[in-house]
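File shown: entry-v5.cif. Contents: mmCIF, C-alpha atoms.
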data_my_file
#
loop_
_atom_site.group_PDB
_atom_site.id
_atom_site.type_symbol
_atom_site.label_atom_id
_atom_site.label_comp_id
_atom_site.auth_asym_id
_atom_site.auth_seq_id
_atom_site.Cartn_x
_atom_site.Cartn_y
_atom_site.Cartn_z
ATOM 1 C CA MET A 1 0.000 0.000 0.000
ATOM 2 C CA THR A 2 1.287 3.453 -0.897
ATOM 3 C CA THR A 3 1.027 6.258 1.562
ATOM 4 C CA VAL A 4 0.994 9.893 0.496
ATOM 5 C CA ALA A 5 2.238 12.395 3.022
ATOM 6 C CA ARG A 6 -0.208 15.207 3.569
ATOM 7 C CA ARG A 7 0.422 18.632 4.970
ATOM 8 C CA PRO A 8 -1.463 19.618 7.999
ATOM 9 C CA THR A 9 -4.278 22.045 7.151
ATOM 10 C CA GLY A 10 -4.066 24.081 10.335
ATOM 11 C CA ALA A 11 -3.691 27.859 10.623
ATOM 12 C CA GLY A 12 -0.831 29.406 8.630
ATOM 13 C CA HIS A 13 -0.605 26.528 6.227
ATOM 14 C CA GLY A 14 -1.744 26.325 2.658
ATOM 15 C CA TRP A 15 -1.057 28.428 -0.401
ATOM 16 C CA PHE A 16 -1.963 31.744 1.205
ATOM 17 C CA GLY A 17 0.456 31.222 4.090
ATOM 18 C CA ASP A 18 3.230 30.210 1.694
ATOM 19 C CA LEU A 19 2.601 33.341 -0.372
ATOM 20 C CA ALA A 20 2.699 35.585 2.700
ATOM 21 C CA ARG A 21 5.971 34.041 3.946
ATOM 22 C CA SER A 22 7.670 34.354 0.533
ATOM 23 C CA ALA A 23 6.609 38.008 0.092
ATOM 24 C CA ALA A 24 7.607 39.109 3.607
ATOM 25 C CA GLY A 25 11.386 39.207 2.956
ATOM 26 C CA PRO A 26 11.320 41.423 -0.153
ATOM 27 C CA ALA A 27 8.658 43.675 1.384
ATOM 28 C CA ILE A 28 10.755 44.246 4.531
ATOM 29 C CA CYS A 29 13.866 44.950 2.409
ATOM 30 C CA GLY A 30 11.912 47.430 0.256
ATOM 31 C CA ILE A 31 10.559 49.278 3.283
ATOM 32 C CA ALA A 32 14.041 49.464 4.835
ATOM 33 C CA LEU A 33 15.545 50.738 1.568
ATOM 34 C CA ILE A 34 12.881 53.447 1.185
ATOM 35 C CA GLY A 35 13.505 54.532 4.777
ATOM 36 C CA LEU A 36 17.262 54.757 4.237
ATOM 37 C CA LEU A 37 16.843 56.721 0.985
ATOM 38 C CA ALA A 38 14.406 59.119 2.646
ATOM 39 C CA ALA A 39 16.891 59.728 5.480
ATOM 40 C CA TRP A 40 19.714 60.316 2.951
ATOM 41 C CA VAL A 41 17.636 62.877 1.024
ATOM 42 C CA ALA A 42 16.503 64.596 4.242
ATOM 43 C CA ALA A 43 20.159 64.957 5.301
ATOM 44 C CA SER A 44 20.949 66.604 1.895
ATOM 45 C CA GLY A 45 23.042 63.632 0.891
ATOM 46 C CA ALA A 46 21.341 63.541 -2.487
ATOM 47 C CA GLY A 47 22.406 67.102 -3.238
ATOM 48 C CA THR A 48 20.231 69.724 -4.778
ATOM 49 C CA LEU A 49 19.041 70.133 -8.319
ATOM 50 C CA THR A 50 19.994 73.538 -9.650
ATOM 51 C CA ARG A 51 18.482 74.677 -12.893
ATOM 52 C CA VAL A 52 20.987 76.761 -14.801
ATOM 53 C CA ARG A 53 19.426 79.429 -17.018
ATOM 54 C CA LEU A 54 21.533 81.048 -19.678
ATOM 55 C CA GLU A 55 20.911 83.870 -22.111
ATOM 56 C CA VAL A 56 23.054 84.596 -25.172
ATOM 57 C CA THR A 57 23.024 88.376 -25.524
ATOM 58 C CA VAL A 58 25.631 88.752 -28.316
ATOM 59 C CA ALA A 59 26.330 86.292 -31.134
ATOM 60 C CA ALA A 60 28.375 87.371 -34.147
ATOM 61 C CA VAL A 61 30.874 85.844 -36.546
ATOM 62 C CA PRO A 62 32.828 88.554 -38.355
ATOM 63 C CA MET A 63 33.736 88.020 -41.988
ATOM 64 C CA ARG A 64 37.333 86.889 -42.269
ATOM 65 C CA ALA A 65 37.945 89.505 -44.993
ATOM 66 C CA PHE A 66 36.004 91.659 -47.449
ATOM 67 C CA THR A 67 36.900 89.524 -50.480
ATOM 68 C CA PRO A 68 36.334 85.754 -50.862
ATOM 69 C CA ARG A 69 39.957 85.176 -51.886
ATOM 70 C CA ALA A 70 41.335 86.945 -48.824
ATOM 71 C CA ALA A 71 38.803 85.167 -46.576
ATOM 72 C CA ALA A 72 39.873 81.751 -47.888
ATOM 73 C CA ALA A 73 43.525 82.604 -47.182
ATOM 74 C CA THR A 74 42.733 83.566 -43.585
ATOM 75 C CA GLY A 75 41.459 80.132 -42.556
ATOM 76 C CA ALA A 76 39.951 80.420 -39.081
ATOM 77 C CA ALA A 77 36.884 82.448 -38.161
ATOM 78 C CA HIS A 78 36.600 83.948 -34.694
ATOM 79 C CA THR A 79 33.409 84.821 -32.807
ATOM 80 C CA TYR A 80 31.902 87.386 -30.506
ATOM 81 C CA LEU A 81 29.656 85.825 -27.879
ATOM 82 C CA ALA A 82 28.233 87.032 -24.597
ATOM 83 C CA VAL A 83 26.594 84.345 -22.459
ATOM 84 C CA ARG A 84 24.790 85.596 -19.377
ATOM 85 C CA ASN A 85 24.149 83.188 -16.505
ATOM 86 C CA LEU A 86 20.857 84.034 -14.767
ATOM 87 C CA SER A 87 21.259 81.438 -12.000
ATOM 88 C CA ASP A 88 23.356 81.217 -8.850
ATOM 89 C CA ALA A 89 25.326 78.166 -10.071
ATOM 90 C CA ALA A 90 28.255 78.333 -12.476
ATOM 91 C CA ASP A 91 28.161 76.386 -15.741
ATOM 92 C CA GLU A 92 30.713 75.557 -18.407
ATOM 93 C CA LEU A 93 30.701 75.940 -22.160
ATOM 94 C CA ILE A 94 32.127 72.561 -23.205
ATOM 95 C CA ALA A 95 31.637 72.558 -26.988
ATOM 96 C CA VAL A 96 30.387 74.547 -29.948
ATOM 97 C CA ARG A 97 29.156 73.068 -33.220
ATOM 98 C CA SER A 98 28.371 74.711 -36.520
ATOM 99 C CA PRO A 99 27.494 73.309 -39.941
ATOM 100 C CA ILE A 100 30.023 75.681 -41.542
ATOM 101 C CA ALA A 101 33.062 74.178 -39.747
ATOM 102 C CA ARG A 102 34.022 70.587 -39.058
ATOM 103 C CA HIS A 103 36.258 71.562 -36.162
ATOM 104 C CA VAL A 104 35.470 74.225 -33.565
ATOM 105 C CA VAL A 105 37.794 74.906 -30.620
ATOM 106 C CA LEU A 106 37.532 76.837 -27.381
ATOM 107 C CA VAL A 107 40.600 78.948 -26.639
ATOM 108 C CA ARG A 108 41.805 80.828 -23.576
ATOM 109 C CA GLN A 109 43.975 83.926 -23.780
ATOM 110 C CA ASN A 110 46.372 83.857 -20.813
ATOM 111 C CA GLY A 111 47.469 87.460 -21.107
ATOM 112 C CA PRO A 112 48.637 90.102 -23.555
ATOM 113 C CA GLY A 113 51.244 88.792 -25.947
ATOM 114 C CA SER A 114 50.818 85.157 -24.917
ATOM 115 C CA PRO A 115 49.530 82.656 -27.469
ATOM 116 C CA PRO A 116 45.977 81.358 -27.064
ATOM 117 C CA VAL A 117 45.648 77.885 -25.527
ATOM 118 C CA VAL A 118 43.002 75.346 -26.593
ATOM 119 C CA VAL A 119 40.885 74.341 -23.568
ATOM 120 C CA SER A 120 38.141 71.792 -22.950
ATOM 121 C CA ALA A 121 35.756 74.233 -21.251
ATOM 122 C CA LEU A 122 35.152 77.901 -20.487
ATOM 123 C CA THR A 123 33.374 78.851 -17.265
ATOM 124 C CA VAL A 124 30.169 80.883 -17.252
ATOM 125 C CA PRO A 125 30.230 82.366 -13.732
ATOM 126 C CA ALA A 126 27.180 82.249 -11.473
ATOM 127 C CA GLU A 127 25.103 85.401 -12.005
ATOM 128 C CA GLY A 128 27.808 86.617 -14.389
ATOM 129 C CA THR A 129 28.699 86.825 -18.070
ATOM 130 C CA LEU A 130 31.179 84.945 -20.233
ATOM 131 C CA ASN A 131 32.414 87.367 -22.917
ATOM 132 C CA LEU A 132 34.190 85.851 -25.903
ATOM 133 C CA SER A 133 35.965 87.716 -28.702
ATOM 134 C CA PRO A 134 38.995 87.342 -30.966
ATOM 135 C CA PHE A 135 40.934 89.384 -28.381
ATOM 136 C CA THR A 136 39.994 87.373 -25.268
ATOM 137 C CA ASP A 137 38.809 83.835 -24.642
ATOM 138 C CA ASP A 138 37.209 82.728 -27.887
ATOM 139 C CA VAL A 139 35.384 80.175 -29.994
ATOM 140 C CA VAL A 140 37.324 79.523 -33.196
ATOM 141 C CA LEU A 141 35.740 77.969 -36.291
ATOM 142 C CA GLU A 142 38.671 76.265 -38.009
ATOM 143 C CA ASN A 143 38.713 76.329 -41.828
ATOM 144 C CA PRO A 144 35.005 77.063 -42.285
ATOM 145 C CA VAL A 145 33.262 76.904 -45.619
ATOM 146 C CA PRO A 146 32.767 80.373 -47.111
ATOM 147 C CA PHE A 147 30.060 82.125 -45.090
ATOM 148 C CA GLU A 148 30.801 85.777 -45.840
ATOM 149 C CA ASN A 149 27.760 86.163 -48.130
ATOM 150 C CA SER A 150 25.378 84.819 -45.456
ATOM 151 C CA ALA A 151 23.361 86.959 -43.072
ATOM 152 C CA SER A 152 23.922 84.577 -40.148
ATOM 153 C CA VAL A 153 25.666 81.390 -39.067
ATOM 154 C CA PRO A 154 24.048 78.777 -36.795
ATOM 155 C CA LEU A 155 26.049 77.959 -33.662
ATOM 156 C CA THR A 156 25.072 75.254 -31.179
ATOM 157 C CA LEU A 157 26.570 75.995 -27.774
ATOM 158 C CA VAL A 158 26.840 72.966 -25.486
ATOM 159 C CA PHE A 159 26.900 73.586 -21.734
ATOM 160 C CA ARG A 160 27.720 71.066 -19.021
ATOM 161 C CA HIS A 161 24.515 71.703 -17.026
ATOM 162 C CA ALA A 162 22.194 73.797 -19.181
ATOM 163 C CA GLY A 163 22.458 71.530 -22.229
ATOM 164 C CA GLN A 164 22.390 72.862 -25.779
ATOM 165 C CA VAL A 165 21.476 76.333 -26.983
ATOM 166 C CA THR A 166 21.362 77.085 -30.709
ATOM 167 C CA VAL A 167 21.744 80.690 -31.838
ATOM 168 C CA GLU A 168 21.928 82.445 -35.189
ATOM 169 C CA ALA A 169 25.141 84.468 -35.057
ATOM 170 C CA SER A 170 25.076 87.524 -37.290
ATOM 171 C CA VAL A 171 27.769 87.769 -39.943
ATOM 172 C CA THR A 172 29.364 91.185 -39.443
ATOM 173 C CA ALA A 173 32.129 93.266 -41.017
ATOM 174 C CA PRO A 174 35.677 92.094 -40.242
ATOM 175 C CA GLY A 175 36.733 92.832 -36.669
ATOM 176 C CA THR A 176 33.290 93.959 -35.455
ATOM 177 C CA PRO A 177 30.790 92.307 -33.145
#
File written out as structure tokens:
Amino acid sequence: MTTVARRPTGAGHGWFGDLARSAAGPAICGIALIGLLAAWVAASGAGTLTRVRLEVTVAAVPMRAFTPRAAAATGAAHTYLAVRNLSDAADELIAVRSPIARHVVLVRQNGPGSPPVVVSALTVPAEGTLNLSPFTDDVVLENPVPFENSASVPLTLVFRHAGQVTVEASVTAPGTP
């Protein structure tokens, strides 16, 4: 004769009891994790989210020269930009893109008479303005396609915190903003 072992059918046994026991561990871990995260956020461990707001007040790319032949011989095109930071957190200009130039670099001028140095970022101070020109820190469009007959040039400014801002930079007379 074959005997089949049966489970007792008393309180706490059966499928509902098994389900409750198997769900208790993950539920307790989840509650503990939520409590720890809430305490971390309350203690400012998670930091604060600062929204950086920027405004481009000047955007110009001067013609490299008055004639196409002279412009082609010049090579690089410099810019005039003024980026105003309206927030109380600094940001950084980390890249600039334009369809007229394959390569765009950020340069820092370390003083009168010193050569410009290519840098990976330029700081936009909190509640301040980053002014760029051919005579100071600058954005240089290397070997651009001829743009001197255009009214404007699109520039996409990429910031570390504020993201991307696309502006239409006016094409101006050589050496003028």
* Selection dump of the PyMOL selection byres ((chain A and resi 175) around 8), as a PyMOL selection string -> chain A and resi 62-63+173-174+176-177
Output file for the selection above: C-alpha atoms, as a CSV table (one decimal), in the frame of the given file:
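Contents of selection.csv, freshly written:
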chain,number,residue,atom,x,y,z
A,62,PRO,CA,32.8,88.6,-38.4
A,63,MET,CA,33.7,88.0,-42.0
A,173,ALA,CA,32.1,93.3,-41.0
A,174,PRO,CA,35.7,92.1,-40.2
A,176,THR,CA,33.3,94.0,-35.5
A,177,PRO,CA,30.8,92.3,-33.1
Apply the PyMOL selection byres ((chain A and resi 136) around 9) to the displayed file and report the matching residues as a VMD selection string.
chain A and resid 107 to 111 116 131 to 135 137 to 138
Quiz prompt | Contacts of stretch 143-159 of chain A at 7 Å (only C-alpha atoms; same-chain gap of 4+ positions) as a list in words | solution =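 In the requested format, the answer is Met63, Gly75, Ala76, Asp91, Glu92, Leu93, Ile94, Ala95, Val96, Arg97, Ser98, Ile100, Ala101, Gly163, Gln164, Val165, Thr166, Val167, Glu168, Ala169, Ser170 and Val171 of chain A.
The two atoms in question, atom CA of A:Thr172 and atom CA of A:Val104, are spaced 19.0 Å apart.
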Of A:Leu54, A:Gly113, A:Tyr80, A:Arg160, the one nearest to A:Gly128 when counting all atoms listed in the file is A:Leu54
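Distances here use only C-alpha atoms; by that measure, the residue among A:Gly17, A:Pro112, A:Gly35, A:Pro125 closest to A:Asp88 is A:Pro125.
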Please supply stretch 105-136 of chain A, rebuilt with N, CA and C atoms, as a PDB file, in the frame of the given file.
ATOM      1  N   VAL A 105      37.033  75.022 -31.867  1.00  0.00           N
ATOM      2  CA  VAL A 105      37.794  74.906 -30.620  1.00  0.00           C
ATOM      3  C   VAL A 105      37.492  76.082 -29.694  1.00  0.00           C
ATOM      4  N   LEU A 106      37.634  75.810 -28.418  1.00  0.00           N
ATOM      5  CA  LEU A 106      37.532  76.837 -27.381  1.00  0.00           C
ATOM      6  C   LEU A 106      38.959  77.221 -27.011  1.00  0.00           C
ATOM      7  N   VAL A 107      39.245  78.507 -26.977  1.00  0.00           N
ATOM      8  CA  VAL A 107      40.600  78.948 -26.639  1.00  0.00           C
ATOM      9  C   VAL A 107      40.571  79.942 -25.483  1.00  0.00           C
ATOM     10  N   ARG A 108      41.633  79.908 -24.707  1.00  0.00           N
ATOM     11  CA  ARG A 108      41.805  80.828 -23.576  1.00  0.00           C
ATOM     12  C   ARG A 108      43.022  81.691 -23.859  1.00  0.00           C
ATOM     13  N   GLN A 109      42.873  82.971 -23.632  1.00  0.00           N
ATOM     14  CA  GLN A 109      43.975  83.926 -23.780  1.00  0.00           C
ATOM     15  C   GLN A 109      44.536  84.151 -22.391  1.00  0.00           C
ATOM     16  N   ASN A 110      45.791  83.766 -22.153  1.00  0.00           N
ATOM     17  CA  ASN A 110      46.372  83.857 -20.813  1.00  0.00           C
ATOM     18  C   ASN A 110      47.022  85.196 -20.493  1.00  0.00           C
ATOM     19  N   GLY A 111      46.915  86.140 -21.376  1.00  0.00           N
ATOM     20  CA  GLY A 111      47.469  87.460 -21.107  1.00  0.00           C
ATOM     21  C   GLY A 111      47.950  88.099 -22.386  1.00  0.00           C
ATOM     22  N   PRO A 112      48.189  89.407 -22.353  1.00  0.00           N
ATOM     23  CA  PRO A 112      48.637  90.102 -23.555  1.00  0.00           C
ATOM     24  C   PRO A 112      49.962  89.527 -24.057  1.00  0.00           C
ATOM     25  N   GLY A 113      50.022  89.287 -25.346  1.00  0.00           N
ATOM     26  CA  GLY A 113      51.244  88.792 -25.947  1.00  0.00           C
ATOM     27  C   GLY A 113      51.449  87.295 -25.850  1.00  0.00           C
ATOM     28  N   SER A 114      50.664  86.610 -25.016  1.00  0.00           N
ATOM     29  CA  SER A 114      50.818  85.157 -24.917  1.00  0.00           C
ATOM     30  C   SER A 114      49.920  84.481 -25.942  1.00  0.00           C
ATOM     31  N   PRO A 115      50.354  83.330 -26.462  1.00  0.00           N
ATOM     32  CA  PRO A 115      49.530  82.656 -27.469  1.00  0.00           C
ATOM     33  C   PRO A 115      48.272  82.051 -26.834  1.00  0.00           C
ATOM     34  N   PRO A 116      47.181  81.989 -27.599  1.00  0.00           N
ATOM     35  CA  PRO A 116      45.977  81.358 -27.064  1.00  0.00           C
ATOM     36  C   PRO A 116      46.198  79.861 -26.867  1.00  0.00           C
ATOM     37  N   VAL A 117      45.523  79.298 -25.869  1.00  0.00           N
ATOM     38  CA  VAL A 117      45.648  77.885 -25.527  1.00  0.00           C
ATOM     39  C   VAL A 117      44.290  77.223 -25.720  1.00  0.00           C
ATOM     40  N   VAL A 118      44.253  76.092 -26.420  1.00  0.00           N
ATOM     41  CA  VAL A 118      43.002  75.346 -26.593  1.00  0.00           C
ATOM     42  C   VAL A 118      42.634  74.703 -25.255  1.00  0.00           C
ATOM     43  N   VAL A 119      41.368  74.877 -24.839  1.00  0.00           N
ATOM     44  CA  VAL A 119      40.885  74.341 -23.568  1.00  0.00           C
ATOM     45  C   VAL A 119      39.649  73.478 -23.811  1.00  0.00           C
ATOM     46  N   SER A 120      39.310  72.671 -22.812  1.00  0.00           N
ATOM     47  CA  SER A 120      38.141  71.792 -22.950  1.00  0.00           C
ATOM     48  C   SER A 120      36.853  72.451 -22.478  1.00  0.00           C
ATOM     49  N   ALA A 121      36.957  73.561 -21.750  1.00  0.00           N
ATOM     50  CA  ALA A 121      35.756  74.233 -21.251  1.00  0.00           C
ATOM     51  C   ALA A 121      36.087  75.673 -20.877  1.00  0.00           C
ATOM     52  N   LEU A 122      35.058  76.513 -20.947  1.00  0.00           N
ATOM     53  CA  LEU A 122      35.152  77.901 -20.487  1.00  0.00           C
ATOM     54  C   LEU A 122      34.027  78.123 -19.486  1.00  0.00           C
ATOM     55  N   THR A 123      34.350  78.692 -18.346  1.00  0.00           N
ATOM     56  CA  THR A 123      33.374  78.851 -17.265  1.00  0.00           C
ATOM     57  C   THR A 123      32.461  80.045 -17.495  1.00  0.00           C
ATOM     58  N   VAL A 124      31.163  79.813 -17.274  1.00  0.00           N
ATOM     59  CA  VAL A 124      30.169  80.883 -17.252  1.00  0.00           C
ATOM     60  C   VAL A 124      29.868  81.104 -15.773  1.00  0.00           C
ATOM     61  N   PRO A 125      30.365  82.198 -15.178  1.00  0.00           N
ATOM     62  CA  PRO A 125      30.230  82.366 -13.732  1.00  0.00           C
ATOM     63  C   PRO A 125      28.773  82.516 -13.289  1.00  0.00           C
ATOM     64  N   ALA A 126      28.513  82.102 -12.056  1.00  0.00           N
ATOM     65  CA  ALA A 126      27.180  82.249 -11.473  1.00  0.00           C
ATOM     66  C   ALA A 126      26.809  83.726 -11.471  1.00  0.00           C
ATOM     67  N   GLU A 127      25.618  84.039 -11.932  1.00  0.00           N
ATOM     68  CA  GLU A 127      25.103  85.401 -12.005  1.00  0.00           C
ATOM     69  C   GLU A 127      26.097  86.346 -12.686  1.00  0.00           C
ATOM     70  N   GLY A 128      26.809  85.825 -13.678  1.00  0.00           N
ATOM     71  CA  GLY A 128      27.808  86.617 -14.389  1.00  0.00           C
ATOM     72  C   GLY A 128      27.713  86.386 -15.887  1.00  0.00           C
ATOM     73  N   THR A 129      28.695  86.903 -16.610  1.00  0.00           N
ATOM     74  CA  THR A 129      28.699  86.825 -18.070  1.00  0.00           C
ATOM     75  C   THR A 129      30.039  86.307 -18.566  1.00  0.00           C
ATOM     76  N   LEU A 130      29.998  85.408 -19.518  1.00  0.00           N
ATOM     77  CA  LEU A 130      31.179  84.945 -20.233  1.00  0.00           C
ATOM     78  C   LEU A 130      31.230  85.725 -21.536  1.00  0.00           C
ATOM     79  N   ASN A 131      32.247  86.579 -21.695  1.00  0.00           N
ATOM     80  CA  ASN A 131      32.414  87.367 -22.917  1.00  0.00           C
ATOM     81  C   ASN A 131      33.528  86.749 -23.752  1.00  0.00           C
ATOM     82  N   LEU A 132      33.222  86.452 -24.993  1.00  0.00           N
ATOM     83  CA  LEU A 132      34.190  85.851 -25.903  1.00  0.00           C
ATOM     84  C   LEU A 132      34.393  86.764 -27.095  1.00  0.00           C
ATOM     85  N   SER A 133      35.650  86.905 -27.533  1.00  0.00           N
ATOM     86  CA  SER A 133      35.965  87.716 -28.702  1.00  0.00           C
ATOM     87  C   SER A 133      37.308  87.250 -29.251  1.00  0.00           C
ATOM     88  N   PRO A 134      37.677  87.710 -30.438  1.00  0.00           N
ATOM     89  CA  PRO A 134      38.995  87.342 -30.966  1.00  0.00           C
ATOM     90  C   PRO A 134      40.151  87.852 -30.105  1.00  0.00           C
ATOM     91  N   PHE A 135      39.887  88.773 -29.198  1.00  0.00           N
ATOM     92  CA  PHE A 135      40.934  89.384 -28.381  1.00  0.00           C
ATOM     93  C   PHE A 135      40.999  88.817 -26.968  1.00  0.00           C
ATOM     94  N   THR A 136      40.042  87.976 -26.605  1.00  0.00           N
ATOM     95  CA  THR A 136      39.994  87.373 -25.268  1.00  0.00           C
ATOM     96  C   THR A 136      39.797  85.871 -25.448  1.00  0.00           C
TER      97      THR A 136
END
